[in-house]
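Peer 1: Sharing a structure here in structure tokens format.
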Amino acid sequence: MRLWLFVSARVYGKKWGRLVTMLHRNPFSGGRWAGESSRCGWRLVLYLALLTAAGAAPAESPLVVDELTVDGKHQMLPAVANHGPNRLRLPPGAHQLVFGYGPPGDAASLLRLRYRLEGVETEWSEAGGEMRLSLMVFNAAGEVLSYFEFPMRGDSAGWSNSVAQSRFTVRQESFRLPPGSEMLRVIFNSGIWDTRDGASHPTVGLGVIDDCRLMMKDSKGKKRNLWPNPDFEQGEDLERPMGAPRGWLRGGMDQSIAQVLTLPPSGRGHALALVDNNSRSGGEWHCDIVLTNLDPTGTGVEFEWKELYTVGGAGGHFTDYHYVPPGDYVFRVKAVTPTGEPTGIEASLAFSIPEFFWKSTPFLTFSGVCCAAVVAAATRAVARRRMRRELERLEQQRALERERTRIARDIHDDLGTSLTRVTLLSQSLRGAVEAGSSAAQELEQISQTSQEMTRAMEEIVWAVDPAHDSLDSIANYLGRFAQDFLSAAGVNCRLDLPVELPVQPVSAEVRHNLFLAFKEALNNVARHSGAHKVKISLSVAGTCFVLSVEDDGQGFAPASASGTQAARGGHGLANIRNRLAQIGGEAEVSSQPGKGTQVRLSVPLRSVGATGR
């Protein structure tokens, strides 16, 4: 740009000179001079505009955020660090951030700085700065034995805009002096080199102390205040800021910082103050206290004073944030006066920290949709597999039922026909043989055996036929069987069956074992009980199918039931229990001598509906 302006000035210099002369002589001349004047005039205006734009220096901001370190790596900051398209974008994930800010370059400034990271903090924090009230303990050789310091940072609890509107806060500290202590040096300072971290702390602000007490026991065991001039009312020119309180001396690089403050509202009280408006220097008050006539065994010290302060930092600073999660943030810095009054000067750095893509909302949404799709597909596959297995099971069950139906039909048709023929032949031959002969007796046995086999065949057909796989069918069959069986034995039978039973399938295995157990119970009644009446009841109690056989026979003692049956050569009760156990049920036998017997057969409905495969 500057090279172009230089060349333009060389080329058009003579014409601009002639133009100026011409306009000076005759501003209304026309013709060739008029055209040239027009062309050169525009060039002159353009040149002056470019020269003004190139030569004008932009106003320098008194406060900048000029450095950012992310996890130890310096970042290139945009020319304008603010909201919008200039927002700085950092790498994804949580980071350790270090911000550098302050006046640009080495410019001296009285600005007291405060900062805040919007998105993390809601309150402003002081950028630094510290005043201290310290005690140094010396021995007789002038060696430092101990050091106590009490810092002042930010605003004291009673500070409110000005000294007149604020109130002092009482502070108390206790400590013990080491053996050999001979002298105390009290130091009230601001803005000095800090030996703890090897750095200077540019401090601005105001610190005030008053009514100090340093209480120790003397050799007589009485406490006394060793602080000289505790209320700072003794000295020379105390009404002037540079007055000299008795026992106190000024020090530091700028002694004008150490002042005597006249307290409002009466204006008669005085206090020691540090009025620090110089961020590059510091001042102090100090005094020496000789420890004489003290109790050598009582080295405890009680230190008490009133304080009022507002202390901050100026100059360049660094602020460290150890963990900043993803989000949108603005690091703000504002300047206030040394006493904390706003100035309206601010600087900011807007930046964004994105989340890792696998933690972002779109990715999580996409992942959730994919997971839901996978779960839905897996659920659908599992459901289809279960449905397929259920269809296969139902198909196998139907095939088994068809086979059972065929077997029952074949047994009934073939074997039943043959047994019926045997019975008829035996009956037709009775007239051809002599009554009472051995042949007649054998024919009678053949007839009875064929009839028993016919009944056994009917029982098998009933147990095999799937048409009878229901509670209603088993109730009807067992009731009919009980009446036929007991009437043949001369025992009165009473049935107590429900009108309606739940629609519950009963497998062939359950029906077969239940029928055999029931038949064994009826056989025991007919053979051993001597009963005249038998009550048979059937019910659904809760989750169980219950069949009860109760007689009014002679009964027995349950403890001796096994021995009695063994003596008779039978195993009826044991068989009943074993058959019920095979189908998941229970058999309960209750009896007393002379009071009859009750056999209670209970089968869970889940076992009733189970089918053997």
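Lettering and numbering for the structure tokens are positional, with chains as A, B, ... in the shown order, residues counted from 1 in each chain, and ligands counted from 1 in the shown order.
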Mind checking DSSP for stretch 206-351 of chain A and telling me the strand (DSSP E or B) residues as JSON, numbers by chain?

Peer 2: {"A": [206, 207, 208, 209, 210, 211, 212, 213, 214, 215, 216, 217, 218, 223, 224, 225, 235, 236, 244, 245, 249, 250, 251, 252, 258, 259, 260, 261, 262, 263, 269, 270, 271, 272, 273, 274, 275, 276, 283, 284, 285, 286, 287, 288, 289, 290, 294, 300, 301, 302, 303, 304, 305, 306, 307, 308, 309, 310, 311, 312, 313, 317, 318, 319, 320, 321, 322, 323, 324, 327, 328, 329, 330, 331, 332, 333, 334, 335, 336, 342, 343, 344, 345, 346, 347, 348, 349, 350, 351]}

Peer 1: Excluding same-chain residues fewer than 4 positions from stretch 356-362 of chain A, what lies within 8 Å of it counting only C-alpha atoms, as a ChimeraX atom specification?

Peer 2: /A:92-93,366

Peer 1: Skipping near chain neighbours, those fewer than 4 positions away, what residues fall within 12 Å of A:Asp552 using only C-alpha atoms, listed as a short mmCIF file (atom, residue, chain, number, x, y, z; two decimals) with N, CA and C atoms, in the first residue's frame?

Peer 2:
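Now in part.cif:
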```cif
data_model
loop_
_atom_site.label_atom_id
_atom_site.label_comp_id
_atom_site.auth_asym_id
_atom_site.auth_seq_id
_atom_site.Cartn_x
_atom_site.Cartn_y
_atom_site.Cartn_z
N VAL A 491 -71.42 -100.92 48.43
CA VAL A 491 -71.17 -99.70 49.21
C VAL A 491 -71.90 -98.54 48.55
N ASN A 492 -72.59 -97.78 49.37
CA ASN A 492 -73.32 -96.61 48.86
C ASN A 492 -72.34 -95.50 48.50
N CYS A 493 -72.49 -94.90 47.34
CA CYS A 493 -71.56 -93.86 46.85
C CYS A 493 -72.30 -92.53 46.70
N ARG A 494 -71.69 -91.47 47.25
CA ARG A 494 -72.24 -90.12 47.13
C ARG A 494 -71.21 -89.24 46.41
N VAL A 525 -61.09 -99.10 50.11
CA VAL A 525 -62.38 -98.94 50.78
C VAL A 525 -63.17 -100.25 50.67
N ALA A 526 -63.21 -100.84 49.47
CA ALA A 526 -64.01 -102.04 49.26
C ALA A 526 -63.44 -103.25 49.99
N HIS A 528 -60.91 -103.27 52.72
CA HIS A 528 -60.42 -103.22 54.10
C HIS A 528 -61.25 -102.35 55.05
N SER A 529 -62.00 -101.40 54.54
CA SER A 529 -62.61 -100.43 55.46
C SER A 529 -63.88 -100.95 56.13
N GLY A 530 -64.61 -101.81 55.43
CA GLY A 530 -65.90 -102.23 55.97
C GLY A 530 -66.89 -101.10 55.98
N ALA A 531 -66.75 -100.13 55.07
CA ALA A 531 -67.61 -98.94 55.06
C ALA A 531 -68.94 -99.26 54.40
N HIS A 532 -69.95 -98.46 54.78
CA HIS A 532 -71.27 -98.55 54.16
C HIS A 532 -71.51 -97.39 53.20
N LYS A 533 -70.85 -96.26 53.46
CA LYS A 533 -71.03 -95.08 52.61
C LYS A 533 -69.65 -94.49 52.29
N VAL A 534 -69.55 -93.97 51.08
CA VAL A 534 -68.33 -93.30 50.62
C VAL A 534 -68.73 -91.99 49.95
N LYS A 535 -68.05 -90.91 50.36
CA LYS A 535 -68.29 -89.59 49.75
C LYS A 535 -67.09 -89.23 48.88
N PHE A 556 -58.16 -96.60 60.85
CA PHE A 556 -56.94 -97.20 61.37
C PHE A 556 -56.05 -96.11 61.93
N SER A 591 -56.93 -90.66 59.20
CA SER A 591 -57.83 -91.71 59.68
C SER A 591 -57.69 -91.86 61.19
N GLN A 592 -58.74 -92.31 61.79
CA GLN A 592 -58.75 -92.65 63.21
C GLN A 592 -59.54 -93.95 63.37
N PRO A 593 -59.13 -94.81 64.28
CA PRO A 593 -59.88 -96.06 64.48
C PRO A 593 -61.33 -95.78 64.83
N GLY A 594 -62.23 -96.41 64.08
CA GLY A 594 -63.65 -96.27 64.33
C GLY A 594 -64.27 -95.02 63.74
N LYS A 595 -63.51 -94.14 63.08
CA LYS A 595 -64.05 -92.90 62.55
C LYS A 595 -63.82 -92.74 61.06
N GLY A 596 -63.50 -93.78 60.37
CA GLY A 596 -63.37 -93.70 58.93
C GLY A 596 -62.01 -93.18 58.46
N THR A 597 -61.90 -93.07 57.14
CA THR A 597 -60.65 -92.67 56.51
C THR A 597 -60.93 -91.68 55.39
N GLN A 598 -60.01 -90.72 55.22
CA GLN A 598 -60.10 -89.77 54.11
C GLN A 598 -58.78 -89.76 53.35
#
```

Peer 1: Please build the interface table for stretch 200-254 of chain A against stretch 128-135 of chain A with a cut-off of 8 Å, listing for each qualifying residue the nearest atom pair and the distance in Å to one decimal; count only C-alpha atoms, order rows by chain and increasing number, and write it as JSON lines.

Peer 2:
```
{"residue": "A:His201", "atom": "CA", "partner": "A:Gly129", "partner_atom": "CA", "distance": 5.6}
{"residue": "A:Pro202", "atom": "CA", "partner": "A:Gly129", "partner_atom": "CA", "distance": 5.9}
{"residue": "A:Thr203", "atom": "CA", "partner": "A:Gly129", "partner_atom": "CA", "distance": 4.3}
{"residue": "A:Val204", "atom": "CA", "partner": "A:Gly129", "partner_atom": "CA", "distance": 6.9}
{"residue": "A:Gly207", "atom": "CA", "partner": "A:Met131", "partner_atom": "CA", "distance": 7.1}
```

Peer 1: Write out as a count of residues only which residues come within 12 Å of A:Thr122 when counting only C-alpha atoms, dropping same-chain ones fewer than 4 positions away.

Peer 2: 7

Peer 1: Ranking A:Gln397, A:Ser256, A:Ser166, A:Thr405 by minimum distance to A:Pro466 and counting only C-alpha atoms, which one comes first?

Peer 2: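 Among the listed residues, the smallest separation from A:Pro466 belongs to A:Thr405.
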
Peer 1: Just the number, please: distance in Å from atom CA of A:Leu501 to atom CA of A:Phe485, one decimal.

Peer 2: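 These atoms are spaced 24.1 Å apart.
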
Peer 1: Would you mind listing what lies within 8 Å of stretch 303-315 of chain A as number ranges by chain, with only C-alpha atoms counted and same-chain residues fewer than 6 positions away left out?

Peer 2: A: 102-103, 108-113, 126-131, 152-156, 158-159, 166-174, 201-215, 279, 338-340

Peer 1: Using atom CA of A:Arg385 and atom CA of A:Ala373 as the two end points, give the distance in Å to one decimal.

Peer 2: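 Between these atoms lies a distance of 17.8 Å.
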